[in-house]
Structures are given as C-alpha cells and as structure tokens.
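Content type mmCIF, C-alpha atoms and all ligand atoms, from the file final21.cif:
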```
data_structure
loop_
_atom_site.group_PDB
_atom_site.id
_atom_site.type_symbol
_atom_site.label_atom_id
_atom_site.label_comp_id
_atom_site.auth_asym_id
_atom_site.auth_seq_id
_atom_site.Cartn_x
_atom_site.Cartn_y
_atom_site.Cartn_z
ATOM 1 C CA MET A 1 -2.490 14.501 -26.718
ATOM 2 C CA LEU A 2 -3.873 17.869 -25.866
ATOM 3 C CA GLN A 3 -6.410 17.474 -28.664
ATOM 4 C CA PHE A 4 -7.827 14.335 -27.049
ATOM 5 C CA VAL A 5 -8.353 15.853 -23.580
ATOM 6 C CA ASN A 6 -9.728 19.059 -25.085
ATOM 7 C CA ARG A 7 -12.253 16.967 -26.982
ATOM 8 C CA LEU A 8 -13.217 15.109 -23.780
ATOM 9 C CA ALA A 9 -13.573 18.446 -22.009
ATOM 10 C CA SER A 10 -15.798 19.882 -24.723
ATOM 11 C CA GLU A 11 -18.005 16.795 -24.972
ATOM 12 C CA GLY A 12 -19.316 17.398 -21.457
ATOM 13 C CA GLY A 13 -20.475 14.534 -19.272
ATOM 14 C CA GLY A 14 -18.856 13.114 -16.161
ATOM 15 C CA THR A 15 -15.282 13.419 -17.375
ATOM 16 C CA ALA A 16 -15.405 17.010 -18.667
ATOM 17 C CA ASP A 17 -14.155 18.750 -15.492
ATOM 18 C CA ALA A 18 -11.289 16.314 -14.949
ATOM 19 C CA ALA A 19 -10.375 16.539 -18.643
ATOM 20 C CA SER A 20 -10.334 20.347 -18.434
ATOM 21 C CA ARG A 21 -8.014 20.290 -15.420
ATOM 22 C CA LEU A 22 -5.652 17.870 -17.188
ATOM 23 C CA ALA A 23 -5.756 19.949 -20.388
ATOM 24 C CA ARG A 24 -4.733 23.092 -18.485
ATOM 25 C CA LEU A 25 -1.789 21.284 -16.860
ATOM 26 C CA LEU A 26 -0.680 19.747 -20.154
ATOM 27 C CA GLU A 27 -0.902 23.005 -22.067
ATOM 28 C CA THR A 28 1.427 24.830 -19.675
ATOM 29 C CA HIS A 29 3.788 21.881 -19.398
ATOM 30 C CA PHE A 30 4.005 21.250 -23.147
ATOM 31 C CA HIS A 31 4.712 24.913 -23.755
ATOM 32 C CA LYS A 32 7.715 24.725 -21.400
ATOM 33 C CA GLU A 33 8.959 21.569 -23.111
ATOM 34 C CA GLU A 34 8.687 23.112 -26.562
ATOM 35 C CA THR A 35 10.447 26.238 -25.347
ATOM 36 C CA PHE A 36 13.223 24.765 -23.213
ATOM 37 C CA ALA A 37 13.741 21.070 -24.040
ATOM 38 C CA ALA A 38 13.175 20.958 -27.787
ATOM 39 C CA PRO A 39 15.952 23.408 -28.838
ATOM 40 C CA PRO A 40 18.785 21.567 -27.047
ATOM 41 C CA LEU A 41 17.439 18.216 -28.288
ATOM 42 C CA GLY A 42 17.574 19.656 -31.785
ATOM 43 C CA MET A 43 21.332 20.213 -31.324
ATOM 44 C CA LEU A 44 22.022 16.514 -30.710
ATOM 45 C CA PRO A 45 22.703 15.470 -34.343
ATOM 46 C CA ARG A 46 25.253 18.269 -34.751
ATOM 47 C CA LEU A 47 26.809 17.574 -31.346
ATOM 48 C CA ALA A 48 27.139 13.890 -32.231
ATOM 49 C CA ARG A 49 29.071 14.885 -35.355
ATOM 50 C CA GLY A 50 31.174 17.397 -33.421
ATOM 51 C CA SER A 51 29.888 20.058 -35.770
ATOM 52 C CA VAL A 52 29.424 23.081 -33.518
ATOM 53 C CA ASN A 53 29.757 26.823 -33.892
ATOM 54 C CA PRO A 54 29.621 29.711 -31.412
ATOM 55 C CA GLY A 55 26.149 30.678 -32.677
ATOM 56 C CA MET A 56 24.777 27.528 -31.055
ATOM 57 C CA ALA A 57 25.552 29.065 -27.655
ATOM 58 C CA ALA A 58 22.236 30.925 -27.974
ATOM 59 C CA ASP A 59 20.486 27.631 -27.147
ATOM 60 C CA LEU A 60 22.366 27.326 -23.853
ATOM 61 C CA VAL A 61 19.781 29.561 -22.206
ATOM 62 C CA HIS A 62 17.241 26.775 -22.837
ATOM 63 C CA SER A 63 19.294 23.847 -21.574
ATOM 64 C CA ASP A 64 20.411 25.917 -18.564
ATOM 65 C CA TRP A 65 16.778 26.724 -17.796
ATOM 66 C CA LEU A 66 15.889 23.022 -17.968
ATOM 67 C CA ARG A 67 18.841 22.068 -15.726
ATOM 68 C CA GLN A 68 17.805 24.657 -13.141
ATOM 69 C CA ASN A 69 14.089 23.782 -13.315
ATOM 70 C CA ILE A 70 14.210 20.008 -13.684
ATOM 71 C CA ASP A 71 12.550 19.520 -10.282
ATOM 72 C CA THR A 72 9.631 21.707 -11.369
ATOM 73 C CA MET A 73 9.243 19.727 -14.582
ATOM 74 C CA LEU A 74 9.245 16.436 -12.658
ATOM 75 C CA ALA A 75 6.727 17.841 -10.170
ATOM 76 C CA GLU A 76 4.503 18.796 -13.100
ATOM 77 C CA HIS A 77 4.686 15.205 -14.330
ATOM 78 C CA ARG A 78 3.431 14.061 -10.926
ATOM 79 C CA MET A 79 0.603 16.625 -11.063
ATOM 80 C CA ILE A 80 -0.274 15.467 -14.579
ATOM 81 C CA ALA A 81 -0.292 11.820 -13.431
ATOM 82 C CA ALA A 82 -2.598 12.736 -10.528
ATOM 83 C CA ALA A 83 -4.951 14.644 -12.858
ATOM 84 C CA LEU A 84 -4.922 11.697 -15.235
ATOM 85 C CA GLU A 85 -5.814 9.352 -12.384
ATOM 86 C CA GLU A 86 -8.688 11.667 -11.493
ATOM 87 C CA LEU A 87 -9.859 11.594 -15.123
ATOM 88 C CA LEU A 88 -9.749 7.793 -15.179
ATOM 89 C CA ARG A 89 -11.676 7.687 -11.907
ATOM 90 C CA ALA A 90 -14.310 10.018 -13.387
ATOM 91 C CA ALA A 91 -14.652 7.633 -16.347
ATOM 92 C CA MET A 92 -15.268 4.582 -14.136
ATOM 93 C CA PRO A 93 -16.744 2.011 -14.187
ATOM 94 C CA ALA A 94 -16.342 1.801 -17.971
ATOM 95 C CA PRO A 95 -13.597 4.059 -19.360
ATOM 96 C CA GLN A 96 -13.491 4.138 -23.146
ATOM 97 C CA ALA A 97 -10.608 2.205 -24.668
ATOM 98 C CA GLU A 98 -9.307 5.427 -26.239
ATOM 99 C CA LEU A 99 -8.935 6.984 -22.783
ATOM 100 C CA VAL A 100 -7.065 3.958 -21.418
ATOM 101 C CA THR A 101 -4.693 4.030 -24.405
ATOM 102 C CA PHE A 102 -4.232 7.786 -23.967
ATOM 103 C CA ALA A 103 -3.386 7.306 -20.273
ATOM 104 C CA GLU A 104 -0.801 4.621 -21.019
ATOM 105 C CA THR A 105 0.736 6.706 -23.810
ATOM 106 C CA LEU A 106 0.937 9.816 -21.639
ATOM 107 C CA LEU A 107 2.541 7.991 -18.700
ATOM 108 C CA ASN A 108 5.047 6.240 -20.977
ATOM 109 C CA HIS A 109 5.864 9.552 -22.619
ATOM 110 C CA SER A 110 6.493 11.201 -19.246
ATOM 111 C CA ARG A 111 8.782 8.353 -18.213
ATOM 112 C CA LEU A 112 10.705 8.618 -21.489
ATOM 113 C CA GLU A 113 11.143 12.339 -20.935
ATOM 114 C CA GLU A 114 12.380 11.814 -17.395
ATOM 115 C CA GLU A 115 14.789 9.026 -18.294
ATOM 116 C CA VAL A 116 15.999 10.133 -21.739
ATOM 117 C CA PHE A 117 14.812 13.452 -23.191
ATOM 118 C CA TYR A 118 15.329 15.786 -20.219
ATOM 119 C CA PRO A 119 18.762 14.349 -19.350
ATOM 120 C CA ALA A 120 19.749 14.392 -23.046
ATOM 121 C CA ALA A 121 18.696 18.043 -23.386
ATOM 122 C CA ILE A 122 20.705 19.015 -20.316
ATOM 123 C CA VAL A 123 23.753 16.974 -21.371
ATOM 124 C CA ALA A 124 23.539 18.520 -24.858
ATOM 125 C CA GLY A 125 23.932 21.973 -23.326
ATOM 126 C CA GLU A 126 26.746 20.916 -21.015
ATOM 127 C CA TYR A 127 28.565 19.144 -23.844
ATOM 128 C CA LEU A 128 28.192 22.191 -26.084
ATOM 129 C CA LYS A 129 29.871 24.282 -23.371
ATOM 130 C CA VAL A 130 32.779 21.812 -23.285
ATOM 131 C CA LEU A 131 33.170 21.790 -27.073
ATOM 132 C CA LEU A 132 32.931 25.566 -27.410
ATOM 133 C CA GLY A 133 35.366 25.988 -24.512
ATOM 134 C CA GLU A 134 37.861 23.642 -26.184
ATOM 135 C CA ARG A 135 37.542 25.445 -29.500
ATOM 136 C CA ALA A 136 38.047 28.813 -27.814
ATOM 137 C CA ALA A 137 41.096 27.501 -25.938
ATOM 138 C CA LEU A 138 42.600 26.146 -29.191
ATOM 139 C CA ALA A 139 41.935 29.436 -30.974
ATOM 140 C CA ALA A 140 43.524 31.548 -28.212
ATOM 141 C CA PRO A 141 47.001 32.843 -28.953
HETATM 142 FE FE FE A 201 6.561 16.224 -19.924
#
```
Using structure tokens, write down the structure from this file.
Amino acid sequence: MLQFVNRLASEGGGTADAASRLARLLETHFHKEETFAAPPLGMLPRLARGSVNPGMAADLVHSDWLRQNIDTMLAEHRMIAAALEELLRAAMPAPQAELVTFAETLLNHSRLEEEVFYPAAIVAGEYLKVLLGERAALAAP
C-alpha cells in the first residue's frame, strides 16, 4: 500500500502532494502496527491450542501498548481516511481505477483492523495473562 502512494508521490502532478501526506501518515501508522499489533496476533495460534509458556509474556508489552493507545490508533485511521479523501479529490474529475481500488482496499483494511485485528491483539494479551496466571497458581505450592 505504501508502495502505491509513494509511486504517486514521486510521479508528480496534481496528486503528488496529497499522496506524500498520505504516505507519511501510513508509514508512521504501519510501523506502530508492525511493532505493537503484529506480535500479539502472532500468538493467536498458540493461544488457541492452549500452548503457552512464560517466555511469551515478553509480548505483553506490545498488547498492553495497543490496549492503552487504541484511541490514538483509531484517530490515525480517521486522519488516514481524511488524507485519502484529499488524494481522491486531487485526482478528480477522473481518478485512475488503480487509485479507486487502492482507496477501497485501504478503507476496508482499516475497518477490519478496527473490528477484528486490534481487538484480537488486545484479547490475545489479556488471555495470555489469564493462562499464565492459572499456570502459576497451579504450580504454586
Ligand atoms: Fe491501521
């Protein structure tokens, strides 16, 4: 996704400035997602099998960060949507089909993150705490 807007930005023309602004927003936002949402999502298969170990607690810092900063992430989605709208406006009256498809894909992806991925990442961390707490309680003398 970033590749597409970076290409638009580098091509110049009427959409370059709007594409650059969107690229900057996406770059920062994607970095946060890779850092804080991806690790807890990666735990899901093991959590679903109940296969956990205390070493997995290292990922709690990521899911905790996401839980505490969810409002910021959602606000960034709104800023990204506004920048995308600006980009589409800059491309009027005849936006290229690739841009329209990109816009739909990006908005659908944001919605999926808000409704599934972010909650799943947070729940993964909270569930890990429960499982590790139960194991510790069972292991206690
Ligand atoms: Fe996102």
Target residues per the PyMOL selection byres (((chain A and resi 108-123) around 8) and not hetatm), formatted as a VMD selection string: chain A and resid 37 to 38 40 to 41 63 to 64 66 to 67 70 74 77 104 to 107 124 to 127
Keeping only C-alpha atoms, write the selected residues as a PDB file, in the frame of the given file.
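Heads up, here's the output in part21.pdb:
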```pdb
ATOM      1  CA  ALA A  37      13.741  21.070 -24.040  1.00  0.00           C
ATOM      2  CA  ALA A  38      13.175  20.958 -27.787  1.00  0.00           C
ATOM      3  CA  PRO A  40      18.785  21.567 -27.047  1.00  0.00           C
ATOM      4  CA  LEU A  41      17.439  18.216 -28.288  1.00  0.00           C
ATOM      5  CA  SER A  63      19.294  23.847 -21.574  1.00  0.00           C
ATOM      6  CA  ASP A  64      20.411  25.917 -18.564  1.00  0.00           C
ATOM      7  CA  LEU A  66      15.889  23.022 -17.968  1.00  0.00           C
ATOM      8  CA  ARG A  67      18.841  22.068 -15.726  1.00  0.00           C
ATOM      9  CA  ILE A  70      14.210  20.008 -13.684  1.00  0.00           C
ATOM     10  CA  LEU A  74       9.245  16.436 -12.658  1.00  0.00           C
ATOM     11  CA  HIS A  77       4.686  15.205 -14.330  1.00  0.00           C
ATOM     12  CA  GLU A 104      -0.801   4.621 -21.019  1.00  0.00           C
ATOM     13  CA  THR A 105       0.736   6.706 -23.810  1.00  0.00           C
ATOM     14  CA  LEU A 106       0.937   9.816 -21.639  1.00  0.00           C
ATOM     15  CA  LEU A 107       2.541   7.991 -18.700  1.00  0.00           C
ATOM     16  CA  ALA A 124      23.539  18.520 -24.858  1.00  0.00           C
ATOM     17  CA  GLY A 125      23.932  21.973 -23.326  1.00  0.00           C
ATOM     18  CA  GLU A 126      26.746  20.916 -21.015  1.00  0.00           C
ATOM     19  CA  TYR A 127      28.565  19.144 -23.844  1.00  0.00           C
TER      20      TYR A 127
END
```
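Atom to atom, CA of Ala23 in chain A and CA of Arg78 in chain A stand 14.4 Å apart.
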Test item: the PyMOL selection byres (((chain A and resi 3) around 12) and not hetatm) resolved as a CSV table (one decimal) with C-alpha atoms, in the coordinates of the input:
```csv
chain,number,residue,atom,x,y,z
A,1,MET,CA,-2.5,14.5,-26.7
A,2,LEU,CA,-3.9,17.9,-25.9
A,4,PHE,CA,-7.8,14.3,-27.0
A,5,VAL,CA,-8.4,15.9,-23.6
A,6,ASN,CA,-9.7,19.1,-25.1
A,7,ARG,CA,-12.3,17.0,-27.0
A,8,LEU,CA,-13.2,15.1,-23.8
A,9,ALA,CA,-13.6,18.4,-22.0
A,10,SER,CA,-15.8,19.9,-24.7
A,19,ALA,CA,-10.4,16.5,-18.6
A,20,SER,CA,-10.3,20.3,-18.4
A,22,LEU,CA,-5.7,17.9,-17.2
A,23,ALA,CA,-5.8,19.9,-20.4
A,24,ARG,CA,-4.7,23.1,-18.5
A,26,LEU,CA,-0.7,19.7,-20.2
A,27,GLU,CA,-0.9,23.0,-22.1
A,102,PHE,CA,-4.2,7.8,-24.0
```
At what distance in Å, to one decimal, does CA of Phe30 in chain A lie from CA of Ser51 in chain A? 28.8 Å
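Here CA of Gly14 in chain A and CA of Ala91 in chain A stand 6.9 Å from one another.
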Measuring between only C-alpha atoms and all ligand atoms, which one of A:Met43, A:Pro54, A:Ala16, A:Asp71 shows the shortest distance to ligand FE 201 (chain A)? A:Asp71
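Of the residues under consideration (A:Glu86, A:Glu98, A:Asp59, A:Glu76), A:Glu76 shows the shortest atom-to-atom contact distance to ligand FE 201 (chain A) when counting all atoms listed in the file.
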Name the closest residue to ligand FE 201 (chain A) among the candidates A:Val100, A:Val61, A:Leu25, A:Val130; distances are taken between atoms, counting only C-alpha atoms and all ligand atoms. A:Leu25
Keeping N, CA, C and O atoms, write range 34-67 of chain A of the structure just shown out as a short mmCIF file (atom, residue, chain, number, x, y, z; two decimals), in the first residue's frame.
```cif
data_model
loop_
_atom_site.label_atom_id
_atom_site.label_comp_id
_atom_site.auth_asym_id
_atom_site.auth_seq_id
_atom_site.Cartn_x
_atom_site.Cartn_y
_atom_site.Cartn_z
N GLU A 34 3.09 -2.83 12.99
CA GLU A 34 4.06 -3.93 12.93
C GLU A 34 4.72 -4.15 14.29
O GLU A 34 5.01 -5.28 14.67
N THR A 35 4.93 -3.05 15.01
CA THR A 35 5.61 -3.15 16.30
C THR A 35 4.68 -3.67 17.39
O THR A 35 5.08 -4.52 18.19
N PHE A 36 3.45 -3.17 17.44
CA PHE A 36 2.60 -3.45 18.60
C PHE A 36 1.44 -4.41 18.35
O PHE A 36 0.99 -5.08 19.28
N ALA A 37 0.91 -4.47 17.13
CA ALA A 37 -0.23 -5.36 16.88
C ALA A 37 0.21 -6.72 16.34
O ALA A 37 -0.37 -7.75 16.70
N ALA A 38 1.23 -6.73 15.51
CA ALA A 38 1.64 -8.00 14.89
C ALA A 38 2.12 -9.05 15.90
O ALA A 38 1.70 -10.21 15.80
N PRO A 39 2.97 -8.69 16.88
CA PRO A 39 3.43 -9.74 17.81
C PRO A 39 2.29 -10.44 18.57
O PRO A 39 2.26 -11.68 18.59
N PRO A 40 1.34 -9.70 19.16
CA PRO A 40 0.26 -10.43 19.84
C PRO A 40 -0.62 -11.23 18.88
O PRO A 40 -1.09 -12.31 19.23
N LEU A 41 -0.80 -10.74 17.65
CA LEU A 41 -1.57 -11.53 16.67
C LEU A 41 -0.84 -12.83 16.35
O LEU A 41 -1.47 -13.86 16.14
N GLY A 42 0.48 -12.76 16.35
CA GLY A 42 1.28 -13.95 16.08
C GLY A 42 1.14 -15.02 17.16
O GLY A 42 1.44 -16.19 16.93
N MET A 43 0.68 -14.61 18.35
CA MET A 43 0.50 -15.57 19.46
C MET A 43 -0.80 -16.36 19.32
O MET A 43 -0.99 -17.37 20.00
N LEU A 44 -1.72 -15.88 18.49
CA LEU A 44 -3.07 -16.47 18.45
C LEU A 44 -3.09 -17.98 18.20
O LEU A 44 -3.81 -18.69 18.91
N PRO A 45 -2.32 -18.50 17.23
CA PRO A 45 -2.38 -19.96 17.02
C PRO A 45 -2.00 -20.75 18.27
O PRO A 45 -2.63 -21.75 18.60
N ARG A 46 -0.96 -20.28 18.98
CA ARG A 46 -0.54 -20.98 20.19
C ARG A 46 -1.58 -20.82 21.30
O ARG A 46 -1.85 -21.76 22.05
N LEU A 47 -2.15 -19.62 21.41
CA LEU A 47 -3.18 -19.39 22.43
C LEU A 47 -4.39 -20.28 22.17
O LEU A 47 -4.98 -20.84 23.10
N ALA A 48 -4.75 -20.43 20.90
CA ALA A 48 -5.92 -21.25 20.55
C ALA A 48 -5.69 -22.71 20.93
O ALA A 48 -6.64 -23.43 21.25
N ARG A 49 -4.44 -23.13 20.89
CA ARG A 49 -4.11 -24.51 21.28
C ARG A 49 -3.86 -24.64 22.78
O ARG A 49 -3.63 -25.74 23.28
N GLY A 50 -3.83 -23.51 23.48
CA GLY A 50 -3.52 -23.53 24.91
C GLY A 50 -2.06 -23.84 25.17
O GLY A 50 -1.69 -24.26 26.25
N SER A 51 -1.24 -23.61 24.16
CA SER A 51 0.18 -23.93 24.26
C SER A 51 0.96 -22.66 24.58
O SER A 51 1.41 -21.96 23.68
N VAL A 52 1.07 -22.35 25.87
CA VAL A 52 1.74 -21.11 26.26
C VAL A 52 2.91 -21.42 27.18
O VAL A 52 2.95 -22.48 27.80
N ASN A 53 3.85 -20.47 27.22
CA ASN A 53 4.95 -20.60 28.18
C ASN A 53 5.28 -19.20 28.71
O ASN A 53 4.93 -18.20 28.07
N PRO A 54 5.93 -19.13 29.85
CA PRO A 54 6.20 -17.82 30.47
C PRO A 54 7.00 -16.88 29.57
O PRO A 54 6.88 -15.66 29.69
N GLY A 55 7.78 -17.43 28.64
CA GLY A 55 8.56 -16.59 27.73
C GLY A 55 7.68 -15.71 26.86
O GLY A 55 8.10 -14.63 26.41
N MET A 56 6.45 -16.16 26.63
CA MET A 56 5.53 -15.38 25.79
C MET A 56 5.11 -14.07 26.46
O MET A 56 4.60 -13.17 25.82
N ALA A 57 5.34 -13.97 27.77
CA ALA A 57 4.97 -12.76 28.50
C ALA A 57 5.70 -11.53 27.95
O ALA A 57 5.24 -10.40 28.13
N ALA A 58 6.82 -11.76 27.27
CA ALA A 58 7.57 -10.63 26.69
C ALA A 58 6.72 -9.87 25.68
O ALA A 58 6.92 -8.66 25.48
N ASP A 59 5.77 -10.54 25.05
CA ASP A 59 4.90 -9.87 24.06
C ASP A 59 3.80 -9.04 24.72
O ASP A 59 3.10 -8.29 24.03
N LEU A 60 3.62 -9.20 26.03
CA LEU A 60 2.56 -8.44 26.70
C LEU A 60 2.79 -6.94 26.61
O LEU A 60 1.83 -6.17 26.60
N VAL A 61 4.04 -6.53 26.53
CA VAL A 61 4.33 -5.10 26.43
C VAL A 61 3.69 -4.53 25.16
O VAL A 61 3.21 -3.39 25.14
N HIS A 62 3.59 -5.36 24.10
CA HIS A 62 3.00 -4.89 22.85
C HIS A 62 1.48 -4.81 22.94
O HIS A 62 0.88 -3.81 22.56
N SER A 63 0.86 -5.88 23.44
CA SER A 63 -0.61 -5.85 23.53
C SER A 63 -1.06 -4.81 24.56
O SER A 63 -2.10 -4.17 24.38
N ASP A 64 -0.28 -4.63 25.63
CA ASP A 64 -0.63 -3.58 26.61
C ASP A 64 -0.54 -2.20 25.97
O ASP A 64 -1.38 -1.34 26.20
N TRP A 65 0.52 -2.00 25.17
CA TRP A 65 0.66 -0.71 24.48
C TRP A 65 -0.55 -0.46 23.60
O TRP A 65 -1.11 0.64 23.61
N LEU A 66 -0.96 -1.48 22.84
CA LEU A 66 -2.10 -1.32 21.93
C LEU A 66 -3.39 -1.02 22.72
O LEU A 66 -4.17 -0.16 22.33
N ARG A 67 -3.58 -1.73 23.83
CA ARG A 67 -4.78 -1.50 24.66
C ARG A 67 -4.80 -0.06 25.17
O ARG A 67 -5.84 0.60 25.16
#
```
